[in-house]
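Q: Structure file target.json (JSON, N, CA and C atoms and all ligand atoms) right here:
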```json
[["chain", "number", "residue", "atom", "x", "y", "z"],
["D", 1, "MET", "N", 97.34, 72.97, 113.02],
["D", 1, "MET", "CA", 97.62, 72.18, 114.21],
["D", 1, "MET", "C", 96.47, 72.37, 115.20],
["D", 2, "GLN", "N", 95.87, 71.30, 115.62],
["D", 2, "GLN", "CA", 94.74, 71.37, 116.55],
["D", 2, "GLN", "C", 95.25, 71.17, 117.98],
["D", 3, "TYR", "N", 94.87, 72.05, 118.88],
["D", 3, "TYR", "CA", 95.31, 71.94, 120.27],
["D", 3, "TYR", "C", 94.22, 71.28, 121.11],
["D", 4, "MET", "N", 94.58, 70.91, 122.35],
["D", 4, "MET", "CA", 93.65, 70.22, 123.24],
["D", 4, "MET", "C", 92.38, 71.04, 123.48],
["D", 5, "ASP", "N", 92.49, 72.36, 123.49],
["D", 5, "ASP", "CA", 91.30, 73.18, 123.74],
["D", 5, "ASP", "C", 90.51, 73.41, 122.45],
["D", 6, "ASN", "N", 90.87, 72.70, 121.38],
["D", 6, "ASN", "CA", 90.19, 72.78, 120.09],
["D", 6, "ASN", "C", 90.48, 74.03, 119.30],
["D", 7, "SER", "N", 91.36, 74.93, 119.80],
["D", 7, "SER", "CA", 91.77, 76.05, 118.97],
["D", 7, "SER", "C", 92.68, 75.50, 117.89],
["D", 8, "CYS", "N", 92.71, 76.16, 116.76],
["D", 8, "CYS", "CA", 93.47, 75.64, 115.63],
["D", 8, "CYS", "C", 94.44, 76.69, 115.12],
["D", 9, "LYS", "N", 95.72, 76.43, 115.38],
["D", 9, "LYS", "CA", 96.77, 77.34, 114.92],
["D", 9, "LYS", "C", 96.90, 77.19, 113.41],
["D", 10, "ARG", "N", 96.93, 78.31, 112.71],
["D", 10, "ARG", "CA", 97.13, 78.33, 111.26],
["D", 10, "ARG", "C", 96.03, 77.63, 110.48],
["D", 11, "CYS", "N", 94.82, 77.68, 110.98],
["D", 11, "CYS", "CA", 93.68, 77.13, 110.23],
["D", 11, "CYS", "C", 92.83, 78.27, 109.69],
["D", 12, "LEU", "N", 92.34, 78.06, 108.49],
["D", 12, "LEU", "CA", 91.34, 78.95, 107.91],
["D", 12, "LEU", "C", 89.96, 78.38, 108.22],
["D", 13, "LEU", "N", 88.93, 79.18, 108.00],
["D", 13, "LEU", "CA", 87.56, 78.69, 108.19],
["D", 13, "LEU", "C", 87.34, 77.43, 107.37],
["D", 14, "ARG", "N", 87.87, 77.43, 106.15],
["D", 14, "ARG", "CA", 87.66, 76.30, 105.25],
["D", 14, "ARG", "C", 88.30, 75.01, 105.76],
["D", 15, "ASP", "N", 89.24, 75.15, 106.70],
["D", 15, "ASP", "CA", 89.91, 73.98, 107.27],
["D", 15, "ASP", "C", 89.20, 73.44, 108.50],
["D", 16, "MET", "N", 88.21, 74.19, 108.99],
["D", 16, "MET", "CA", 87.60, 73.88, 110.27],
["D", 16, "MET", "C", 86.15, 73.45, 110.09],
["D", 17, "ALA", "N", 85.74, 72.47, 110.89],
["D", 17, "ALA", "CA", 84.34, 72.07, 110.90],
["D", 17, "ALA", "C", 83.54, 73.14, 111.64],
["D", 18, "GLY", "N", 82.25, 73.24, 111.35],
["D", 18, "GLY", "CA", 81.40, 74.18, 112.07],
["D", 18, "GLY", "C", 81.56, 75.60, 111.55],
["D", 19, "ASN", "N", 81.26, 76.57, 112.41],
["D", 19, "ASN", "CA", 81.34, 77.99, 112.05],
["D", 19, "ASN", "C", 80.46, 78.31, 110.84],
["D", 20, "GLU", "N", 79.34, 77.64, 110.73],
["D", 20, "GLU", "CA", 78.50, 77.81, 109.54],
["D", 20, "GLU", "C", 77.99, 79.25, 109.38],
["D", 21, "ASP", "N", 77.70, 79.91, 110.49],
["D", 21, "ASP", "CA", 77.23, 81.30, 110.40],
["D", 21, "ASP", "C", 78.29, 82.20, 109.78],
["D", 22, "ILE", "N", 79.53, 82.01, 110.20],
["D", 22, "ILE", "CA", 80.62, 82.85, 109.68],
["D", 22, "ILE", "C", 80.90, 82.51, 108.22],
["D", 23, "LYS", "N", 80.88, 81.22, 107.91],
["D", 23, "LYS", "CA", 81.11, 80.80, 106.52],
["D", 23, "LYS", "C", 80.02, 81.37, 105.62],
["D", 24, "SER", "N", 78.80, 81.38, 106.12],
["D", 24, "SER", "CA", 77.70, 81.96, 105.35],
["D", 24, "SER", "C", 77.90, 83.46, 105.16],
["D", 25, "GLN", "N", 78.38, 84.14, 106.21],
["D", 25, "GLN", "CA", 78.65, 85.58, 106.12],
["D", 25, "GLN", "C", 79.75, 85.86, 105.10],
["D", 26, "LEU", "N", 80.75, 85.01, 105.07],
["D", 26, "LEU", "CA", 81.84, 85.14, 104.09],
["D", 26, "LEU", "C", 81.29, 85.06, 102.67],
["D", 27, "GLU", "N", 80.46, 84.07, 102.42],
["D", 27, "GLU", "CA", 79.92, 83.91, 101.07],
["D", 27, "GLU", "C", 78.98, 85.06, 100.70],
["D", 28, "LYS", "N", 78.22, 85.53, 101.69],
["D", 28, "LYS", "CA", 77.32, 86.66, 101.43],
["D", 28, "LYS", "C", 78.12, 87.91, 101.10],
["D", 29, "THR", "N", 79.17, 88.15, 101.88],
["D", 29, "THR", "CA", 80.02, 89.32, 101.63],
["D", 29, "THR", "C", 80.65, 89.24, 100.25],
["D", 30, "ARG", "N", 81.15, 88.07, 99.90],
["D", 30, "ARG", "CA", 81.78, 87.88, 98.59],
["D", 30, "ARG", "C", 80.78, 88.14, 97.46],
["D", 31, "SER", "N", 79.56, 87.66, 97.64],
["D", 31, "SER", "CA", 78.56, 87.79, 96.58],
["D", 31, "SER", "C", 78.10, 89.24, 96.39],
["D", 32, "LEU", "N", 78.23, 90.04, 97.45],
["D", 32, "LEU", "CA", 77.77, 91.43, 97.37],
["D", 32, "LEU", "C", 78.84, 92.37, 96.79],
["D", 33, "MET", "N", 80.07, 91.89, 96.69],
["D", 33, "MET", "CA", 81.15, 92.75, 96.19],
["D", 33, "MET", "C", 81.22, 92.71, 94.67],
["D", 34, "SER", "N", 81.53, 93.83, 94.08],
["D", 34, "SER", "CA", 81.72, 93.87, 92.63],
["D", 34, "SER", "C", 83.07, 93.27, 92.28],
["D", 35, "ASP", "N", 83.24, 92.94, 91.00],
["D", 35, "ASP", "CA", 84.53, 92.40, 90.56],
["D", 35, "ASP", "C", 85.65, 93.40, 90.81],
["D", 36, "GLU", "N", 85.36, 94.69, 90.71],
["D", 36, "GLU", "CA", 86.38, 95.72, 90.92],
["D", 36, "GLU", "C", 86.79, 95.79, 92.39],
["D", 37, "GLU", "N", 85.83, 95.53, 93.27],
["D", 37, "GLU", "CA", 86.12, 95.59, 94.70],
["D", 37, "GLU", "C", 86.91, 94.38, 95.19],
["D", 38, "LYS", "N", 86.66, 93.23, 94.57],
["D", 38, "LYS", "CA", 87.25, 91.98, 95.04],
["D", 38, "LYS", "C", 88.69, 91.80, 94.57],
["D", 39, "ALA", "N", 89.50, 91.20, 95.42],
["D", 39, "ALA", "CA", 90.82, 90.75, 94.98],
["D", 39, "ALA", "C", 90.62, 89.61, 93.99],
["D", 40, "SER", "N", 91.54, 89.49, 93.04],
["D", 40, "SER", "CA", 91.46, 88.36, 92.10],
["D", 40, "SER", "C", 91.59, 87.05, 92.89],
["D", 41, "ASP", "N", 91.14, 85.97, 92.29],
["D", 41, "ASP", "CA", 91.25, 84.66, 92.96],
["D", 41, "ASP", "C", 92.71, 84.36, 93.29],
["D", 42, "GLU", "N", 93.60, 84.69, 92.36],
["D", 42, "GLU", "CA", 95.03, 84.42, 92.57],
["D", 42, "GLU", "C", 95.56, 85.24, 93.75],
["D", 43, "LYS", "N", 95.21, 86.52, 93.79],
["D", 43, "LYS", "CA", 95.67, 87.38, 94.88],
["D", 43, "LYS", "C", 95.09, 86.92, 96.21],
["D", 44, "TYR", "N", 93.81, 86.54, 96.19],
["D", 44, "TYR", "CA", 93.12, 86.09, 97.41],
["D", 44, "TYR", "C", 93.82, 84.84, 97.97],
["D", 45, "GLU", "N", 94.07, 83.87, 97.12],
["D", 45, "GLU", "CA", 94.70, 82.62, 97.58],
["D", 45, "GLU", "C", 96.13, 82.87, 98.05],
["D", 46, "LYS", "N", 96.83, 83.78, 97.40],
["D", 46, "LYS", "CA", 98.19, 84.10, 97.83],
["D", 46, "LYS", "C", 98.17, 84.75, 99.21],
["D", 47, "ARG", "N", 97.22, 85.63, 99.44],
["D", 47, "ARG", "CA", 97.09, 86.25, 100.76],
["D", 47, "ARG", "C", 96.82, 85.19, 101.83],
["D", 48, "LEU", "N", 95.88, 84.29, 101.54],
["D", 48, "LEU", "CA", 95.53, 83.27, 102.53],
["D", 48, "LEU", "C", 96.70, 82.32, 102.79],
["D", 49, "SER", "N", 97.47, 82.07, 101.77],
["D", 49, "SER", "CA", 98.66, 81.23, 101.94],
["D", 49, "SER", "C", 99.64, 81.92, 102.90],
["D", 50, "GLN", "N", 99.77, 83.23, 102.77],
["D", 50, "GLN", "CA", 100.67, 83.97, 103.66],
["D", 50, "GLN", "C", 100.12, 83.95, 105.09],
["D", 51, "CYS", "N", 98.81, 84.06, 105.24],
["D", 51, "CYS", "CA", 98.20, 83.99, 106.57],
["D", 51, "CYS", "C", 98.45, 82.62, 107.20],
["D", 52, "LYS", "N", 98.34, 81.58, 106.39],
["D", 52, "LYS", "CA", 98.51, 80.22, 106.93],
["D", 52, "LYS", "C", 99.92, 79.95, 107.41],
["D", 53, "SER", "N", 100.87, 80.74, 106.97],
["D", 53, "SER", "CA", 102.24, 80.55, 107.46],
["D", 53, "SER", "C", 102.61, 81.60, 108.50],
["D", 54, "CYS", "N", 101.62, 82.31, 108.99],
["D", 54, "CYS", "CA", 101.86, 83.43, 109.93],
["D", 54, "CYS", "C", 101.52, 83.03, 111.36],
["D", 55, "ASP", "N", 102.37, 83.40, 112.29],
["D", 55, "ASP", "CA", 102.15, 83.09, 113.70],
["D", 55, "ASP", "C", 100.95, 83.82, 114.29],
["D", 56, "ASN", "N", 100.46, 84.82, 113.60],
["D", 56, "ASN", "CA", 99.31, 85.58, 114.11],
["D", 56, "ASN", "C", 97.97, 84.94, 113.78],
["D", 57, "LEU", "N", 97.97, 83.83, 113.07],
["D", 57, "LEU", "CA", 96.70, 83.20, 112.70],
["D", 57, "LEU", "C", 96.29, 82.16, 113.74],
["D", 58, "LEU", "N", 95.11, 82.32, 114.31],
["D", 58, "LEU", "CA", 94.55, 81.35, 115.26],
["D", 58, "LEU", "C", 93.05, 81.27, 115.03],
["D", 59, "ASP", "N", 92.56, 80.05, 114.83],
["D", 59, "ASP", "CA", 91.12, 79.84, 114.60],
["D", 59, "ASP", "C", 90.61, 80.74, 113.48],
["D", 60, "ALA", "N", 91.36, 80.81, 112.40],
["D", 60, "ALA", "CA", 90.97, 81.56, 111.21],
["D", 60, "ALA", "C", 90.94, 83.06, 111.41],
["D", 61, "THR", "N", 91.42, 83.49, 112.58],
["D", 61, "THR", "CA", 91.37, 84.91, 112.96],
["D", 61, "THR", "C", 92.79, 85.48, 113.05],
["D", 62, "CYS", "N", 92.95, 86.68, 112.56],
["D", 62, "CYS", "CA", 94.22, 87.37, 112.70],
["D", 62, "CYS", "C", 94.30, 87.99, 114.09],
["D", 63, "LEU", "N", 95.30, 87.62, 114.85],
["D", 63, "LEU", "CA", 95.45, 88.14, 116.21],
["D", 63, "LEU", "C", 95.87, 89.60, 116.22],
["D", 64, "LYS", "N", 96.33, 90.11, 115.09],
["D", 64, "LYS", "CA", 96.73, 91.53, 115.01],
["D", 64, "LYS", "C", 95.53, 92.45, 114.88],
["D", 65, "CYS", "N", 94.51, 92.00, 114.15],
["D", 65, "CYS", "CA", 93.38, 92.90, 113.90],
["D", 65, "CYS", "C", 92.04, 92.33, 114.34],
["D", 66, "GLY", "N", 91.99, 91.04, 114.65],
["D", 66, "GLY", "CA", 90.74, 90.43, 115.11],
["D", 66, "GLY", "C", 89.80, 90.02, 113.99],
["D", 67, "CYS", "N", 90.26, 90.14, 112.75],
["D", 67, "CYS", "CA", 89.40, 89.80, 111.61],
["D", 67, "CYS", "C", 89.52, 88.33, 111.25],
["D", 68, "TYR", "N", 88.47, 87.79, 110.67],
["D", 68, "TYR", "CA", 88.59, 86.52, 109.97],
["D", 68, "TYR", "C", 89.35, 86.82, 108.68],
["D", 69, "VAL", "N", 90.49, 86.16, 108.50],
["D", 69, "VAL", "CA", 91.35, 86.56, 107.38],
["D", 69, "VAL", "C", 90.70, 86.30, 106.02],
["D", 70, "GLU", "N", 89.83, 85.28, 105.94],
["D", 70, "GLU", "CA", 89.17, 85.02, 104.65],
["D", 70, "GLU", "C", 88.22, 86.16, 104.28],
["D", 71, "ILE", "N", 87.73, 86.88, 105.27],
["D", 71, "ILE", "CA", 86.88, 88.04, 104.98],
["D", 71, "ILE", "C", 87.78, 89.26, 104.73],
["D", 72, "ARG", "N", 88.78, 89.44, 105.56],
["D", 72, "ARG", "CA", 89.68, 90.60, 105.39],
["D", 72, "ARG", "C", 90.35, 90.60, 104.03],
["D", 73, "ALA", "N", 90.73, 89.41, 103.55],
["D", 73, "ALA", "CA", 91.49, 89.33, 102.29],
["D", 73, "ALA", "C", 90.63, 89.51, 101.05],
["D", 74, "LEU", "N", 89.32, 89.58, 101.21],
["D", 74, "LEU", "CA", 88.43, 89.65, 100.04],
["D", 74, "LEU", "C", 88.62, 90.92, 99.22],
["D", 75, "ALA", "N", 88.72, 92.05, 99.89],
["D", 75, "ALA", "CA", 88.75, 93.33, 99.16],
["D", 75, "ALA", "C", 90.12, 93.57, 98.54],
["D", 76, "ASP", "N", 90.10, 94.00, 97.30],
["D", 76, "ASP", "CA", 91.36, 94.23, 96.59],
["D", 76, "ASP", "C", 92.25, 95.22, 97.35],
["D", 77, "GLY", "N", 91.66, 96.23, 97.94],
["D", 77, "GLY", "CA", 92.44, 97.26, 98.62],
["D", 77, "GLY", "C", 92.78, 96.94, 100.07],
["D", 78, "ALA", "N", 92.41, 95.76, 100.55],
["D", 78, "ALA", "CA", 92.69, 95.40, 101.95],
["D", 78, "ALA", "C", 94.19, 95.22, 102.15],
["D", 79, "ARG", "N", 94.61, 95.41, 103.39],
["D", 79, "ARG", "CA", 96.03, 95.27, 103.73],
["D", 79, "ARG", "C", 96.17, 94.40, 104.97],
["D", 80, "CYS", "N", 97.26, 93.68, 105.05],
["D", 80, "CYS", "CA", 97.62, 92.92, 106.25],
["D", 80, "CYS", "C", 98.13, 93.92, 107.30],
["D", 81, "PRO", "N", 97.68, 93.81, 108.55],
["D", 81, "PRO", "CA", 98.15, 94.76, 109.57],
["D", 81, "PRO", "C", 99.64, 94.61, 109.89],
["D", 82, "ALA", "N", 100.22, 93.48, 109.50],
["D", 82, "ALA", "CA", 101.66, 93.28, 109.71],
["D", 82, "ALA", "C", 102.44, 93.48, 108.40],
["D", 83, "LYS", "N", 101.74, 94.02, 107.41],
["D", 83, "LYS", "CA", 102.36, 94.33, 106.10],
["D", 83, "LYS", "C", 102.96, 93.10, 105.41],
["D", 84, "LYS", "N", 102.34, 91.93, 105.63],
["D", 84, "LYS", "CA", 102.81, 90.72, 104.94],
["D", 84, "LYS", "C", 102.17, 90.59, 103.56],
["D", 85, "TRP", "N", 101.04, 91.24, 103.35],
["D", 85, "TRP", "CA", 100.44, 91.34, 102.03],
["D", 85, "TRP", "C", 99.70, 92.65, 101.91],
["G", 1, "LIG", "S1", 99.23, 89.43, 110.38],
["G", 1, "LIG", "FE1", 98.75, 89.46, 108.17],
["G", 1, "LIG", "S2", 99.53, 87.52, 107.38],
["G", 1, "LIG", "FE2", 99.35, 87.33, 109.60],
["G", 1, "LIG", "S3", 97.33, 86.43, 109.98],
["G", 1, "LIG", "FE3", 97.13, 88.68, 110.11],
["G", 1, "LIG", "S4", 96.48, 89.32, 108.04],
["G", 1, "LIG", "FE4", 97.35, 87.22, 107.88]]
```
Could you quickly redo this structure as structure tokens?
Ligand code: SF4
A:
Amino acid sequence: MQYMDNSCKRCLLRDMAGNEDIKSQLEKTRSLMSDEEKASDEKYEKRLSQCKSCDNLLDATCLKCGCYVEIRALADGARCPAKKW
């Protein structure tokens, strides 16, 4: 949902135009991680799906921890600060 001030409730980076620097950082981080470090594609998408239905997501950022959720969810051992994943 896009608001008048252009903030986007429940949007991921992939849903938003712009933010090219952050998107580039996401891809760089992903490329530097080993397969053992990374969450599986299935686990990653499931985590992001949970974030997209969470009230704490605003402008692709988790309001609980301040992270871009697409970056936070990359590591297999990462945890949601609200214990949703
Ligand atoms: S609290 Fe958890 S589920 Fe909600 S946006 Fe943050 S990381 Fe995602």
Q: Grab the atom CA of D:Pro81 to atom CA of D:Tyr44 distance for me, in Å with one decimal place.
A: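 Atom CA of D:Tyr44 lies 15.8 Å from atom CA of D:Pro81.
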Q: Pick out the residues sitting within 8 Å of stretch 18-35 of chain D, and hand them over as a CSV table (one decimal) with N, CA and C atoms, keeping the file's coordinate frame; count all atoms listed in the file, and ignore anything fewer than 4 positions along from it in its own chain.
A:
```
chain,number,residue,atom,x,y,z
D,13,LEU,N,88.9,79.2,108.0
D,13,LEU,CA,87.6,78.7,108.2
D,13,LEU,C,87.3,77.4,107.4
D,14,ARG,N,87.9,77.4,106.2
D,14,ARG,CA,87.7,76.3,105.2
D,14,ARG,C,88.3,75.0,105.8
D,39,ALA,N,89.5,91.2,95.4
D,39,ALA,CA,90.8,90.8,95.0
D,39,ALA,C,90.6,89.6,94.0
D,40,SER,N,91.5,89.5,93.0
D,40,SER,CA,91.5,88.4,92.1
D,40,SER,C,91.6,87.0,92.9
D,70,GLU,N,89.8,85.3,105.9
D,70,GLU,CA,89.2,85.0,104.6
D,70,GLU,C,88.2,86.2,104.3
D,71,ILE,N,87.7,86.9,105.3
D,71,ILE,CA,86.9,88.0,105.0
D,71,ILE,C,87.8,89.3,104.7
D,74,LEU,N,89.3,89.6,101.2
D,74,LEU,CA,88.4,89.6,100.0
D,74,LEU,C,88.6,90.9,99.2
D,76,ASP,N,90.1,94.0,97.3
D,76,ASP,CA,91.4,94.2,96.6
D,76,ASP,C,92.2,95.2,97.4
```
Q: Taking only N, CA and C atoms and all ligand atoms and a cut-off of 5 Å, can you tell me which residues surround ligand LIG 1 (chain G), written as a ChimeraX atom specification?
A: /D:50-51,54,56-57,62,80-82
Q: How about saving the chosen residues, N, CA and C atoms kept, as a CSV table (one decimal), in the frame of the given file?
A:
```
chain,number,residue,atom,x,y,z
D,50,GLN,N,99.8,83.2,102.8
D,50,GLN,CA,100.7,84.0,103.7
D,50,GLN,C,100.1,84.0,105.1
D,51,CYS,N,98.8,84.1,105.2
D,51,CYS,CA,98.2,84.0,106.6
D,51,CYS,C,98.4,82.6,107.2
D,54,CYS,N,101.6,82.3,109.0
D,54,CYS,CA,101.9,83.4,109.9
D,54,CYS,C,101.5,83.0,111.4
D,56,ASN,N,100.5,84.8,113.6
D,56,ASN,CA,99.3,85.6,114.1
D,56,ASN,C,98.0,84.9,113.8
D,57,LEU,N,98.0,83.8,113.1
D,57,LEU,CA,96.7,83.2,112.7
D,57,LEU,C,96.3,82.2,113.7
D,62,CYS,N,93.0,86.7,112.6
D,62,CYS,CA,94.2,87.4,112.7
D,62,CYS,C,94.3,88.0,114.1
D,80,CYS,N,97.3,93.7,105.0
D,80,CYS,CA,97.6,92.9,106.2
D,80,CYS,C,98.1,93.9,107.3
D,81,PRO,N,97.7,93.8,108.6
D,81,PRO,CA,98.2,94.8,109.6
D,81,PRO,C,99.6,94.6,109.9
D,82,ALA,N,100.2,93.5,109.5
D,82,ALA,CA,101.7,93.3,109.7
D,82,ALA,C,102.4,93.5,108.4
```
Q: My list of candidates is D:Ala17, D:Cys67, D:Arg47, D:Glu37. Which is closest to D:Trp85 when distances are computed with all atoms listed in the file?
A: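 Selected residue with least distance to D:Trp85: D:Arg47.
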Q: Atom CA of D:Ser7 and atom CA of D:Lys43, how far apart in Å?
A: 26.9 Å
Q: For atom CA of D:Gly77 and atom CA of D:Lys38, determine how far apart the two atoms are, in Å to one decimal place.
A: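 Spanning atom CA of D:Gly77 to atom CA of D:Lys38 is a straight-line distance of 8.2 Å.
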Q: Identify which of the residues D:Ala78, D:Met16, D:Glu42, D:Lys84 lies closest to D:Asp55, counting only C-alpha atoms when measuring atom-to-atom distances.
A: D:Lys84
Q: Among chain D, which residues does DSSP mark as strand (DSSP E) when it is run on the backbone? Keep the chain and numbering as in the structure and answer as a VMD selection string.
A: chain D and resid 57 to 58 61 to 62
Q: Can you pull out every residue from stretch 24-75 of chain D that DSSP, working from the backbone, puts in alpha helix (DSSP H), and format the result as a list in words?
A: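 Across stretch 24-75 of chain D, those assigned alpha helix (DSSP H) are Ser24, Gln25, Leu26, Glu27, Lys28, Thr29, Arg30, Ser31, Leu32, Asp41, Glu42, Lys43, Tyr44, Glu45, Lys46, Arg47, Leu48, Ser49, Gln50, Cys51, Lys52, Val69, Glu70, Ile71 and Arg72 of chain D.
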Q: Using all atoms listed in the file, pick whichever of D:Asp41, D:Asp15, D:Lys83, D:Arg10 has the shortest atom-to-atom distance to D:Ser53.
A: D:Arg10
